[in-house]
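Q: Below you'll find model_23.txt; it's compact mmCIF, C-alpha atoms.
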# COMPACT_ATOMS: atom_id res chain seq x y z
CA MET B 1 14.65 -9.38 70.10
CA ARG B 2 16.95 -7.58 67.66
CA ILE B 3 18.03 -9.09 64.37
CA THR B 4 21.27 -8.76 62.43
CA VAL B 5 22.06 -9.88 58.90
CA ILE B 6 25.64 -10.66 57.89
CA GLY B 7 26.26 -10.09 54.19
CA THR B 8 24.45 -7.54 52.04
CA GLY B 9 24.35 -9.32 48.73
CA TYR B 10 21.13 -10.33 47.02
CA LEU B 11 19.96 -12.61 49.84
CA GLY B 12 21.20 -10.47 52.72
CA VAL B 13 19.71 -7.15 51.65
CA THR B 14 16.36 -8.75 50.89
CA HIS B 15 16.28 -10.58 54.22
CA ALA B 16 17.30 -7.51 56.23
CA VAL B 17 14.72 -5.28 54.59
CA CYS B 18 11.95 -7.83 54.96
CA MET B 19 12.75 -8.53 58.62
CA ALA B 20 12.41 -4.79 59.22
CA GLU B 21 9.11 -4.86 57.32
CA LEU B 22 7.94 -7.54 59.76
CA GLY B 23 8.54 -5.04 62.57
CA PHE B 24 11.99 -5.93 63.91
CA GLU B 25 14.93 -3.63 64.52
CA VAL B 26 17.57 -4.84 62.08
CA MET B 27 21.23 -4.10 61.49
CA GLY B 28 22.99 -5.37 58.37
CA LEU B 29 26.73 -5.85 58.09
CA ASP B 30 29.10 -6.09 55.17
CA VAL B 31 32.88 -5.82 54.96
CA VAL B 32 32.63 -3.78 51.74
CA GLU B 33 32.32 -0.14 52.77
CA GLU B 34 30.89 0.99 49.42
CA LYS B 35 27.95 -1.40 49.74
CA VAL B 36 27.18 -0.26 53.27
CA ALA B 37 27.39 3.40 52.25
CA ALA B 38 25.02 2.85 49.33
CA LEU B 39 22.47 0.94 51.39
CA SER B 40 22.61 3.50 54.20
CA THR B 41 21.53 6.17 51.71
CA GLY B 42 18.74 4.04 50.27
CA ARG B 43 20.43 2.64 47.15
CA VAL B 44 20.31 -1.08 46.38
CA PRO B 45 23.40 -2.10 44.34
CA PHE B 46 21.37 -4.45 42.12
CA TYR B 47 17.90 -4.52 40.57
CA GLU B 48 15.07 -6.32 42.34
CA PRO B 49 11.47 -5.14 41.89
CA GLY B 50 10.13 -3.33 44.96
CA LEU B 51 13.23 -3.78 47.10
CA GLU B 52 14.66 -0.26 46.95
CA GLU B 53 11.30 1.27 47.83
CA LEU B 54 11.01 -1.02 50.84
CA LEU B 55 14.60 -0.24 51.88
CA ASN B 56 13.89 3.47 51.96
CA LYS B 57 10.66 2.91 53.86
CA GLN B 58 12.48 0.99 56.62
CA LEU B 59 15.40 3.44 56.76
CA ALA B 60 12.92 6.28 57.24
CA ALA B 61 11.10 4.30 59.94
CA GLY B 62 14.38 3.88 61.84
CA ARG B 63 14.10 0.10 61.94
CA LEU B 64 17.05 -0.58 59.65
CA SER B 65 20.73 0.36 59.68
CA PHE B 66 24.03 -0.93 58.28
CA THR B 67 27.62 -1.19 59.49
CA THR B 68 31.02 -2.69 58.67
CA ASP B 69 31.94 -3.24 62.33
CA TYR B 70 31.29 -6.64 63.96
CA ASP B 71 31.88 -5.31 67.49
CA LYS B 72 29.41 -2.47 66.94
CA LEU B 73 26.86 -4.93 65.59
CA ALA B 74 27.29 -7.30 68.56
CA ALA B 75 27.01 -4.47 71.12
CA TRP B 76 23.89 -3.12 69.40
CA ALA B 77 22.20 -6.51 69.22
CA GLY B 78 22.73 -7.51 72.84
CA GLU B 79 21.74 -10.75 74.53
CA GLY B 80 18.99 -12.87 73.04
CA SER B 81 19.50 -11.56 69.53
CA VAL B 82 19.22 -13.54 66.30
CA HIS B 83 21.96 -13.25 63.68
CA PHE B 84 21.36 -14.41 60.09
CA VAL B 85 24.43 -15.24 57.99
CA CYS B 86 23.65 -14.63 54.30
CA VAL B 87 27.02 -14.61 52.54
CA GLY B 88 27.78 -16.24 49.21
CA THR B 89 29.12 -19.70 48.40
CA PRO B 90 30.53 -19.35 44.87
CA GLN B 91 31.96 -22.22 42.89
CA LYS B 92 35.67 -22.79 43.49
CA LYS B 93 37.88 -21.91 40.56
CA GLY B 94 38.73 -25.03 38.61
CA GLU B 95 36.47 -27.23 40.74
CA TYR B 96 32.82 -28.14 41.17
CA ALA B 97 32.91 -27.65 44.95
CA ALA B 98 31.54 -24.62 46.78
CA ASP B 99 33.99 -22.06 48.15
CA MET B 100 33.24 -21.81 51.88
CA THR B 101 35.72 -19.01 52.55
CA TYR B 102 33.10 -16.31 53.05
CA VAL B 103 30.76 -18.42 55.19
CA ASP B 104 33.56 -19.54 57.48
CA ALA B 105 34.94 -16.00 57.82
CA ALA B 106 31.50 -14.57 58.63
CA PHE B 107 30.75 -17.10 61.38
CA GLU B 108 34.28 -16.79 62.78
CA SER B 109 34.14 -12.99 62.97
CA LEU B 110 30.61 -12.96 64.36
CA ALA B 111 31.35 -15.56 67.02
CA ARG B 112 34.41 -13.69 68.23
CA ALA B 113 32.40 -10.47 68.50
CA LEU B 114 29.59 -12.20 70.43
CA ALA B 115 31.87 -14.06 72.88
CA GLY B 116 30.95 -13.26 76.47
CA GLN B 117 27.80 -11.28 75.56
CA GLY B 118 25.28 -13.90 76.66
CA ARG B 119 23.03 -16.21 74.69
CA SER B 120 22.42 -15.56 71.01
CA LEU B 121 21.24 -17.56 68.01
CA LEU B 122 23.27 -17.67 64.79
CA VAL B 123 21.27 -18.77 61.77
CA GLY B 124 22.79 -19.89 58.50
CA LYS B 125 20.81 -19.07 55.36
CA SER B 126 23.55 -19.63 52.77
CA THR B 127 23.34 -22.65 50.49
CA VAL B 128 26.12 -24.92 51.77
CA PRO B 129 27.38 -28.50 51.37
CA VAL B 130 25.64 -30.89 53.73
CA GLY B 131 27.68 -31.26 56.90
CA THR B 132 28.67 -27.60 57.07
CA ALA B 133 26.30 -26.74 59.94
CA SER B 134 27.66 -29.48 62.20
CA ARG B 135 31.20 -28.36 61.48
CA ILE B 136 30.38 -24.71 62.22
CA ALA B 137 28.50 -25.65 65.40
CA GLY B 138 31.68 -27.27 66.70
CA ARG B 139 33.67 -24.14 65.98
CA LEU B 140 31.06 -21.93 67.68
CA ALA B 141 31.32 -24.05 70.81
CA GLU B 142 35.00 -23.13 70.98
CA LEU B 143 34.67 -19.40 70.22
CA ALA B 144 31.34 -18.43 71.80
CA PRO B 145 29.92 -21.15 74.07
CA ASP B 146 26.73 -19.14 74.72
CA ALA B 147 25.94 -18.95 71.00
CA GLU B 148 23.78 -21.58 69.34
CA LEU B 149 23.44 -22.45 65.66
CA ALA B 150 20.41 -23.11 63.49
CA TRP B 151 20.00 -23.50 59.73
CA ASN B 152 17.21 -21.82 57.79
CA PRO B 153 17.69 -22.22 54.01
CA GLU B 154 16.44 -19.56 51.60
CA PHE B 155 14.21 -20.19 48.60
CA LEU B 156 14.26 -16.83 46.83
CA ARG B 157 13.53 -16.39 43.14
CA GLU B 158 15.23 -13.38 41.61
CA GLY B 159 12.54 -11.00 40.45
CA PHE B 160 10.21 -12.19 43.25
CA ALA B 161 12.52 -12.02 46.26
CA VAL B 162 10.43 -9.67 48.42
CA GLU B 163 7.28 -11.72 47.82
CA ASP B 164 9.14 -14.97 48.51
CA THR B 165 10.49 -13.63 51.82
CA LEU B 166 7.26 -12.11 53.12
CA HIS B 167 4.99 -14.83 51.71
CA PRO B 168 7.13 -17.98 51.41
CA ASP B 169 5.75 -21.32 50.29
CA ARG B 170 7.45 -22.99 53.28
CA LEU B 171 9.85 -22.41 56.16
CA VAL B 172 12.52 -24.98 56.98
CA LEU B 173 14.31 -24.82 60.32
CA GLY B 174 17.26 -27.05 61.15
CA VAL B 175 17.65 -26.89 64.94
CA ARG B 176 19.15 -28.81 67.83
CA SER B 177 17.18 -27.36 70.73
CA GLU B 178 13.69 -26.30 71.71
CA GLN B 179 14.99 -22.81 72.48
CA ALA B 180 16.38 -22.33 68.97
CA GLU B 181 13.06 -23.44 67.49
CA GLN B 182 11.13 -21.03 69.72
CA ASP B 183 13.42 -18.14 68.80
CA LEU B 184 12.82 -18.73 65.10
CA ARG B 185 9.11 -19.19 65.64
CA GLN B 186 9.16 -15.72 67.21
CA VAL B 187 11.05 -14.29 64.24
CA TYR B 188 8.57 -15.78 61.79
CA ALA B 189 5.45 -15.40 63.95
CA LYS B 190 3.57 -13.29 61.38
CA LEU B 191 4.31 -15.76 58.62
CA LEU B 192 3.28 -18.71 60.73
CA ALA B 193 0.05 -16.91 61.65
CA ALA B 194 -0.65 -16.77 57.91
CA ASP B 195 -0.40 -20.59 57.80
CA VAL B 196 2.96 -20.82 56.02
CA PRO B 197 3.97 -24.51 56.23
CA LEU B 198 6.75 -25.13 58.77
CA ILE B 199 9.21 -28.02 58.68
CA ILE B 200 11.33 -28.59 61.79
CA THR B 201 14.26 -30.87 61.09
CA ASP B 202 17.94 -31.59 61.73
CA PHE B 203 20.95 -29.75 60.34
CA ALA B 204 21.74 -32.16 57.53
CA THR B 205 18.19 -32.33 56.18
CA SER B 206 17.79 -28.55 56.26
CA GLU B 207 21.03 -28.17 54.29
CA LEU B 208 19.84 -30.66 51.67
CA VAL B 209 16.47 -29.03 51.01
CA LYS B 210 17.72 -26.12 48.87
CA VAL B 211 20.18 -28.10 46.76
CA SER B 212 17.65 -30.88 46.31
CA ALA B 213 15.01 -28.40 45.16
CA ASN B 214 17.43 -26.73 42.74
CA SER B 215 18.54 -30.09 41.39
CA PHE B 216 14.94 -31.14 40.78
CA LEU B 217 14.22 -27.90 38.92
CA ALA B 218 17.38 -28.34 36.86
CA VAL B 219 16.28 -31.85 35.93
CA LYS B 220 12.85 -30.63 34.83
CA ILE B 221 14.27 -27.79 32.73
CA SER B 222 16.91 -30.00 31.15
CA PHE B 223 14.39 -32.76 30.49
CA ILE B 224 12.23 -30.57 28.28
CA ASN B 225 15.37 -29.21 26.61
CA ALA B 226 16.45 -32.78 25.89
CA MET B 227 13.01 -33.31 24.35
CA ALA B 228 13.66 -30.20 22.24
CA GLU B 229 16.77 -31.90 20.82
CA VAL B 230 14.68 -34.96 19.94
CA CYS B 231 11.92 -32.80 18.46
CA GLU B 232 14.36 -31.02 16.18
CA ALA B 233 15.65 -34.36 14.90
CA ALA B 234 12.15 -35.79 14.47
CA GLY B 235 10.42 -32.70 13.07
CA ALA B 236 8.12 -32.40 16.09
CA ASP B 237 7.09 -29.29 18.07
CA VAL B 238 8.43 -29.20 21.63
CA MET B 239 5.99 -26.47 22.69
CA GLU B 240 3.02 -28.65 21.77
CA LEU B 241 4.73 -31.59 23.48
CA ALA B 242 5.21 -29.53 26.66
CA GLN B 243 1.58 -28.45 26.59
CA ALA B 244 0.41 -32.05 26.30
CA LEU B 245 2.69 -33.15 29.15
CA SER B 246 1.56 -30.28 31.39
CA HIS B 247 -1.98 -31.67 31.66
CA ASP B 248 -0.62 -34.67 33.53
CA PRO B 249 -1.02 -33.71 37.23
CA ARG B 250 2.09 -35.76 38.06
CA ILE B 251 4.17 -33.49 35.83
CA GLY B 252 2.57 -30.03 35.77
CA ARG B 253 3.41 -26.96 33.68
CA ARG B 254 5.87 -25.01 35.82
CA PHE B 255 9.46 -25.01 34.54
CA LEU B 256 8.46 -27.22 31.61
CA VAL B 257 9.53 -24.46 29.24
CA PRO B 258 12.04 -25.37 26.52
CA GLY B 259 14.63 -22.82 25.52
CA LEU B 260 18.12 -21.55 26.16
CA GLY B 261 18.35 -23.19 29.58
CA PHE B 262 19.11 -22.03 33.10
CA GLY B 263 21.91 -19.82 34.36
CA GLY B 264 22.41 -17.34 37.18
CA GLY B 265 24.36 -17.40 40.39
CA CYS B 266 22.57 -20.33 42.05
CA LEU B 267 21.29 -23.20 39.94
CA PRO B 268 24.45 -24.07 37.95
CA LYS B 269 26.91 -23.77 40.83
CA ASP B 270 24.55 -25.43 43.33
CA ILE B 271 24.09 -28.63 41.33
CA ARG B 272 27.84 -28.80 40.71
CA ALA B 273 28.60 -28.33 44.41
CA PHE B 274 26.01 -31.00 45.20
CA MET B 275 27.82 -33.44 42.91
CA ALA B 276 31.15 -32.57 44.51
CA ARG B 277 29.80 -33.12 48.02
CA ALA B 278 28.24 -36.44 47.03
CA GLY B 279 31.68 -37.54 45.86
CA GLU B 280 33.19 -36.57 49.21
CA LEU B 281 30.52 -38.63 50.96
CA GLY B 282 31.21 -41.61 48.74
CA VAL B 283 27.85 -41.55 46.98
CA ASP B 284 28.86 -39.80 43.77
CA GLN B 285 26.93 -42.34 41.65
CA ALA B 286 23.69 -41.17 43.29
CA LEU B 287 24.05 -37.79 41.58
CA ALA B 288 25.88 -38.86 38.42
CA PHE B 289 22.75 -37.97 36.41
CA LEU B 290 23.25 -34.29 37.29
CA LYS B 291 26.34 -34.18 35.08
CA GLU B 292 24.18 -34.99 32.05
CA VAL B 293 21.57 -32.48 33.24
CA ASP B 294 24.31 -29.84 33.26
CA ALA B 295 25.53 -30.96 29.82
CA ILE B 296 22.05 -30.80 28.27
CA ASN B 297 21.65 -27.30 29.63
CA MET B 298 24.96 -26.12 28.17
CA ARG B 299 24.23 -27.71 24.79
CA ARG B 300 21.26 -25.38 24.32
CA ARG B 301 23.67 -22.45 24.19
CA VAL B 302 25.74 -24.14 21.48
CA ARG B 303 22.58 -24.99 19.51
CA THR B 304 21.43 -21.36 19.65
CA VAL B 305 24.73 -20.21 18.16
CA ASP B 306 24.43 -22.88 15.48
CA LEU B 307 20.88 -21.75 14.70
CA ALA B 308 22.07 -18.15 14.34
CA ARG B 309 24.77 -19.29 11.92
CA GLU B 310 22.21 -21.24 9.90
CA GLN B 311 20.01 -18.15 9.64
CA CYS B 312 23.01 -16.20 8.36
CA ASP B 313 23.57 -18.58 5.43
CA GLY B 314 26.22 -20.63 7.17
CA SER B 315 28.59 -17.91 8.36
CA LEU B 316 28.43 -15.23 11.05
CA LEU B 317 31.47 -13.39 9.74
CA GLY B 318 30.57 -9.77 9.07
CA LYS B 319 26.91 -10.23 10.04
CA ARG B 320 25.02 -7.82 12.27
CA VAL B 321 23.29 -9.64 15.14
CA ALA B 322 20.88 -8.08 17.61
CA VAL B 323 20.62 -9.73 21.02
CA TRP B 324 17.58 -8.92 23.13
CA GLY B 325 18.45 -9.74 26.72
CA ALA B 326 21.58 -9.90 28.86
CA ALA B 327 20.32 -10.89 32.31
CA PHE B 328 20.05 -14.61 33.03
CA LYS B 329 16.31 -14.12 33.64
CA PRO B 330 13.77 -11.26 33.38
CA ASN B 331 13.12 -8.77 36.23
CA SER B 332 16.78 -8.93 37.24
CA ASP B 333 20.09 -7.30 36.33
CA ASP B 334 22.03 -10.42 37.32
CA ILE B 335 24.37 -11.58 34.55
CA ARG B 336 26.15 -14.36 36.43
CA ASP B 337 26.45 -17.35 34.11
CA SER B 338 23.97 -15.68 31.76
CA PRO B 339 23.08 -17.90 28.79
CA ALA B 340 22.20 -14.78 26.79
CA LEU B 341 25.63 -13.21 27.19
CA ASN B 342 27.38 -16.52 26.66
CA VAL B 343 25.64 -16.86 23.30
CA ALA B 344 26.29 -13.21 22.40
CA ALA B 345 30.01 -13.56 23.16
CA SER B 346 30.26 -16.81 21.18
CA ILE B 347 28.64 -15.21 18.14
CA HIS B 348 30.95 -12.21 18.44
CA LEU B 349 33.96 -14.54 18.47
CA GLN B 350 32.77 -15.96 15.14
CA GLY B 351 33.09 -12.56 13.51
CA ALA B 352 29.66 -11.02 13.91
CA GLN B 353 28.96 -7.48 15.08
CA VAL B 354 26.75 -8.07 18.12
CA THR B 355 24.58 -5.37 19.68
CA VAL B 356 22.94 -6.15 23.02
CA TYR B 357 19.99 -4.51 24.73
CA ASP B 358 18.55 -5.36 28.14
CA PRO B 359 16.11 -3.22 30.15
CA LYS B 360 18.16 -3.51 33.36
CA ALA B 361 21.36 -5.51 32.83
CA SER B 362 23.16 -3.63 30.04
CA ASP B 363 25.48 -1.73 32.41
CA ASN B 364 26.56 -4.94 34.16
CA ALA B 365 27.01 -6.67 30.82
CA ARG B 366 29.13 -3.82 29.45
CA LYS B 367 31.57 -4.19 32.36
CA LEU B 368 31.97 -7.93 31.81
CA PHE B 369 31.85 -7.97 27.99
CA PRO B 370 33.18 -4.58 26.86
CA THR B 371 33.91 -5.84 23.34
CA LEU B 372 30.20 -6.24 22.57
CA SER B 373 28.14 -3.25 21.43
CA TYR B 374 25.20 -2.01 23.48
CA ALA B 375 22.01 -0.16 22.63
CA ASP B 376 19.53 1.89 24.63
CA SER B 377 16.45 0.21 23.17
CA ALA B 378 15.36 -2.96 21.45
CA LEU B 379 14.80 -1.11 18.18
CA GLU B 380 18.23 0.52 18.32
CA ALA B 381 19.82 -2.90 18.84
CA ALA B 382 17.88 -4.24 15.86
CA TYR B 383 19.10 -1.54 13.46
CA GLN B 384 20.27 -3.18 10.20
CA ALA B 385 20.45 -6.59 11.89
CA ASP B 386 20.68 -9.72 9.78
CA VAL B 387 19.04 -11.68 12.60
CA ILE B 388 17.53 -10.92 16.02
CA LEU B 389 18.09 -13.28 18.95
CA HIS B 390 15.52 -13.10 21.76
CA LEU B 391 17.44 -14.52 24.73
CA THR B 392 15.88 -13.11 27.94
CA GLU B 393 12.11 -13.17 28.16
CA TRP B 394 11.37 -9.63 29.34
CA GLN B 395 7.75 -8.58 28.90
CA GLU B 396 9.03 -5.58 26.93
CA PHE B 397 10.17 -7.90 24.15
CA ARG B 398 6.93 -9.86 24.13
CA ASP B 399 4.98 -6.64 23.73
CA LEU B 400 6.90 -5.46 20.65
CA ASP B 401 4.97 -5.29 17.40
CA PRO B 402 6.94 -7.31 14.81
CA ALA B 403 5.55 -5.10 12.03
CA GLU B 404 7.10 -2.05 13.71
CA VAL B 405 10.44 -3.82 14.18
CA ALA B 406 10.68 -4.91 10.53
CA PRO B 407 11.67 -1.53 8.99
CA HIS B 408 14.70 -1.33 11.31
CA VAL B 409 16.36 -4.59 10.28
CA ARG B 410 18.27 -5.71 7.20
CA ASP B 411 16.61 -9.14 7.16
CA THR B 412 13.41 -10.20 8.96
CA ARG B 413 14.77 -13.20 10.81
CA VAL B 414 14.23 -13.84 14.53
CA ILE B 415 15.43 -16.67 16.77
CA ASP B 416 13.35 -17.08 19.91
CA GLY B 417 15.74 -18.61 22.41
CA ARG B 418 13.06 -18.63 25.10
CA ASN B 419 10.00 -19.80 23.15
CA ALA B 420 8.23 -16.77 24.59
CA LEU B 421 7.32 -14.70 21.54
CA ASP B 422 4.05 -15.21 19.65
CA ALA B 423 5.29 -17.29 16.70
CA ALA B 424 2.09 -16.87 14.66
CA ARG B 425 2.16 -13.10 15.08
CA TRP B 426 5.79 -12.79 13.98
CA ARG B 427 5.29 -15.07 11.00
CA ALA B 428 2.14 -13.19 9.98
CA ALA B 429 4.21 -10.00 9.93
CA GLY B 430 6.57 -11.58 7.40
CA TRP B 431 9.33 -12.80 9.69
CA THR B 432 11.24 -16.06 9.49
CA TYR B 433 10.68 -17.29 13.05
CA ARG B 434 12.88 -20.04 14.50
CA ALA B 435 12.97 -21.44 18.01
CA LEU B 436 14.69 -24.28 19.82
CA GLY B 437 12.83 -27.55 19.42
CA ARG B 438 10.30 -26.30 16.86
CA PRO B 439 10.00 -26.84 13.11
Just give me the structure as structure tokens.
A:
Amino acid sequence: MRITVIGTGYLGVTHAVCMAELGFEVMGLDVVEEKVAALSTGRVPFYEPGLEELLNKQLAAGRLSFTTDYDKLAAWAGEGSVHFVCVGTPQKKGEYAADMTYVDAAFESLARALAGQGRSLLVGKSTVPVGTASRIAGRLAELAPDAELAWNPEFLREGFAVEDTLHPDRLVLGVRSEQAEQDLRQVYAKLLAADVPLIITDFATSELVKVSANSFLAVKISFINAMAEVCEAAGADVMELAQALSHDPRIGRRFLVPGLGFGGGCLPKDIRAFMARAGELGVDQALAFLKEVDAINMRRRVRTVDLAREQCDGSLLGKRVAVWGAAFKPNSDDIRDSPALNVAASIHLQGAQVTVYDPKASDNARKLFPTLSYADSALEAAYQADVILHLTEWQEFRDLDPAEVAPHVRDTRVIDGRNALDAARWRAAGWTYRALGRP
């Protein structure tokens, strides 16, 4: 069995590399020549811990290659191959719905290339609106009758993608035949031998798993952020509240972290697409609560800007503001829908001079927000700052000694947008420490 991976974005590159690590011969495809050229020479076009090293290992072993040619890929794979489609489903401009252009084009091109080459299995991994797999299966029957479809949703966390692929917490397979199930059992044989839980289900259920999981996480994050709003009004401490709640086994500690809220290329657009699809199915009221979840999340950004203004005596005009963090989360250079950059840009628009530093995402941020200033270190960003905003919880920022930072700033004020710094330590060093949901 040979494996191909269509799409070399975050999901596709990780999946291709990890399938090679499991021992398969793998060919990745992308229509962007620059991406294929970079990957073929061992360069990953984004930051993900451990991925580039694994890419080079598999290239050297001869188990991994890349192309832009569907016909070449189909000829190389041959009969009995498994093809994973890992292209993006961004939010449509001006709408909540997912843009299926790239998914449809990938399956269409792949099916045409595979027509007449014997049996093969096409596996969707993209996060799509429920009902997509059935629609695509109908189209495959027209273009490549020997090709079968399955759906195998991904559950990757940026910063832990390699670990999540090689040691997942579950595998979900949406299949319509025993043969498709057996093919995927063969692909994931090493994982199944390690007792990874396996759920065999239908197309619709497999499509719903990822968006349901993301929606649940969004609810949990926004719930504790809603409690932060209440705590601020009541004079309570949301961190102590979260700690007390976490001891309840029905609730748990994970994702019960108040702060600036979620962002990135998945969670926001996935819950919005879920709402849009529910409306198309006539059950929009079932997911109406997600609109408030989204609103709570976005309000945390506004509150952070307000808190910065308060710390600058009511006006940001002419103030120097240091922003630590640009990526939407640590261990990533992904700035899609980044709360940190959204806050930085909003503060800049109110007349402040904003200097941003991020260990990995500064270059990406500079391209998207060229009007902001950028520094090469946290201390450089903090130079003569009236206030520091900690907005992405990199370990590098947690490790900083507040006493060593103090001589670099104009005023010792810090806003912890992630509730990740040691408040007692910063206050003991003479800083005015503020955080969302805390007195």
Q: Counting all atoms listed in the file, which residue out of B:Ala204, B:Ala429, B:Ile6, B:Ala38 sits closest to Glu108 (chain B)?
A: B:Ile6
Q: Between CA of Leu29 (chain B) and CA of Thr89 (chain B), what is the distance in Å, rounded to a tenth?
A: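 A separation of 17.1 Å between them.
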Q: Using all atoms listed in the file, what table do you get, as a tab-separated table, when you list each residue of region 262-288 of chain B with an atom no more than 12 Å from region 150-172 of chain B, its nearest pair of atoms, and their distance in Å rounded to one decimal, rows by chain then rising number?
A:
residue	atom	partner	partner_atom	distance
B:Gly263	CA	B:Glu158	CA	11.8
B:Gly264	CA	B:Glu158	CA	9.3
B:Gly265	CA	B:Glu158	CA	10.1
B:Cys266	CA	B:Arg157	CA	9.9
B:Leu267	CA	B:Arg157	CA	10.8
Q: With distances taken over all atoms listed in the file, which residue among B:His348, B:Arg413, B:Lys92, B:His408 lies nearest Asp270 (chain B)?
A: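 Of B:His348, B:Arg413, B:Lys92, B:His408, the one nearest Asp270 (chain B) is B:Lys92, counting all atoms listed in the file.
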Q: Under the rule of at most 12 Å, produce a per-residue listing of region 212-242 of chain B near region 272-289 of chain B: chain, number, name, the closest pair of atoms, and the distance in Å, as JSON lines, using all atoms listed in the file.
A:
{"residue": "B:Ser212", "atom": "CA", "partner": "B:Phe274", "partner_atom": "CA", "distance": 8.4}
{"residue": "B:Ala213", "atom": "CA", "partner": "B:Phe274", "partner_atom": "CA", "distance": 11.3}
{"residue": "B:Asn214", "atom": "CA", "partner": "B:Phe274", "partner_atom": "CA", "distance": 9.9}
{"residue": "B:Ser215", "atom": "CA", "partner": "B:Phe274", "partner_atom": "CA", "distance": 8.4}
{"residue": "B:Phe216", "atom": "CA", "partner": "B:Phe289", "partner_atom": "CA", "distance": 11.3}
{"residue": "B:Ala218", "atom": "CA", "partner": "B:Phe289", "partner_atom": "CA", "distance": 11.0}
{"residue": "B:Val219", "atom": "CA", "partner": "B:Phe289", "partner_atom": "CA", "distance": 8.9}
{"residue": "B:Ser222", "atom": "CA", "partner": "B:Phe289", "partner_atom": "CA", "distance": 11.2}
{"residue": "B:Phe223", "atom": "CA", "partner": "B:Phe289", "partner_atom": "CA", "distance": 11.5}
Q: Neighbours of region 343-346 of chain B within 10 Å (all atoms listed in the file; same-chain residues fewer than 3 positions away dropped), as number ranges by chain?
A: B: 260, 300-306, 308, 321-326, 338-340, 349-356, 369, 371-372, 389, 391
Q: How would the residues just chosen look if you wrote them out with C-alpha atoms as a PDB file, in the frame of the given file?
A:
ATOM      1  CA  LEU B 260      18.120 -21.550  26.160  1.00  0.00           C
ATOM      2  CA  ARG B 300      21.260 -25.380  24.320  1.00  0.00           C
ATOM      3  CA  ARG B 301      23.670 -22.450  24.190  1.00  0.00           C
ATOM      4  CA  VAL B 302      25.740 -24.140  21.480  1.00  0.00           C
ATOM      5  CA  ARG B 303      22.580 -24.990  19.510  1.00  0.00           C
ATOM      6  CA  THR B 304      21.430 -21.360  19.650  1.00  0.00           C
ATOM      7  CA  VAL B 305      24.730 -20.210  18.160  1.00  0.00           C
ATOM      8  CA  ASP B 306      24.430 -22.880  15.480  1.00  0.00           C
ATOM      9  CA  ALA B 308      22.070 -18.150  14.340  1.00  0.00           C
ATOM     10  CA  VAL B 321      23.290  -9.640  15.140  1.00  0.00           C
ATOM     11  CA  ALA B 322      20.880  -8.080  17.610  1.00  0.00           C
ATOM     12  CA  VAL B 323      20.620  -9.730  21.020  1.00  0.00           C
ATOM     13  CA  TRP B 324      17.580  -8.920  23.130  1.00  0.00           C
ATOM     14  CA  GLY B 325      18.450  -9.740  26.720  1.00  0.00           C
ATOM     15  CA  ALA B 326      21.580  -9.900  28.860  1.00  0.00           C
ATOM     16  CA  SER B 338      23.970 -15.680  31.760  1.00  0.00           C
ATOM     17  CA  PRO B 339      23.080 -17.900  28.790  1.00  0.00           C
ATOM     18  CA  ALA B 340      22.200 -14.780  26.790  1.00  0.00           C
ATOM     19  CA  LEU B 349      33.960 -14.540  18.470  1.00  0.00           C
ATOM     20  CA  GLN B 350      32.770 -15.960  15.140  1.00  0.00           C
ATOM     21  CA  GLY B 351      33.090 -12.560  13.510  1.00  0.00           C
ATOM     22  CA  ALA B 352      29.660 -11.020  13.910  1.00  0.00           C
ATOM     23  CA  GLN B 353      28.960  -7.480  15.080  1.00  0.00           C
ATOM     24  CA  VAL B 354      26.750  -8.070  18.120  1.00  0.00           C
ATOM     25  CA  THR B 355      24.580  -5.370  19.680  1.00  0.00           C
ATOM     26  CA  VAL B 356      22.940  -6.150  23.020  1.00  0.00           C
ATOM     27  CA  PHE B 369      31.850  -7.970  27.990  1.00  0.00           C
ATOM     28  CA  THR B 371      33.910  -5.840  23.340  1.00  0.00           C
ATOM     29  CA  LEU B 372      30.200  -6.240  22.570  1.00  0.00           C
ATOM     30  CA  LEU B 389      18.090 -13.280  18.950  1.00  0.00           C
ATOM     31  CA  LEU B 391      17.440 -14.520  24.730  1.00  0.00           C
TER      32      LEU B 391
END
Q: Could you tell me which of B:Ile136, B:Ala228, B:Leu317, B:Ala98 comes closest to Pro268 (chain B) if we count only C-alpha atoms?
A: B:Ala98
Q: Determine, counting all atoms listed in the file, which protein, DNA and RNA residues have an atom within 8 Å of an atom of Arg63 (chain B); residues of the same chain fewer than 5 positions away are not included. Present the result as a list in words.
A: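 Close residues of Arg63 (chain B): Ala20, Gly23, Phe24, Glu25, Val26 and Gln58 of chain B.
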Q: Between CA of Ser126 (chain B) and CA of Leu368 (chain B), what is the distance, to one decimal in Å?
A: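 It comes out at 25.4 Å.
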Q: Do you know which residues are at most 8 Å from Thr8 (chain B) counting only C-alpha atoms, after dropping those on the same chain fewer than 3 positions away, and could you put them as a short mmCIF file (atom, residue, chain, number, x, y, z; two decimals) with C-alpha atoms, in the coordinates of the input?
A:
data_model
loop_
_atom_site.label_atom_id
_atom_site.label_comp_id
_atom_site.auth_asym_id
_atom_site.auth_seq_id
_atom_site.Cartn_x
_atom_site.Cartn_y
_atom_site.Cartn_z
CA VAL B 5 22.06 -9.88 58.90
CA LEU B 11 19.96 -12.61 49.84
CA GLY B 12 21.20 -10.47 52.72
CA VAL B 13 19.71 -7.15 51.65
CA GLY B 28 22.99 -5.37 58.37
CA LEU B 29 26.73 -5.85 58.09
CA ASP B 30 29.10 -6.09 55.17
CA LYS B 35 27.95 -1.40 49.74
CA VAL B 36 27.18 -0.26 53.27
CA CYS B 86 23.65 -14.63 54.30
CA VAL B 87 27.02 -14.61 52.54
#
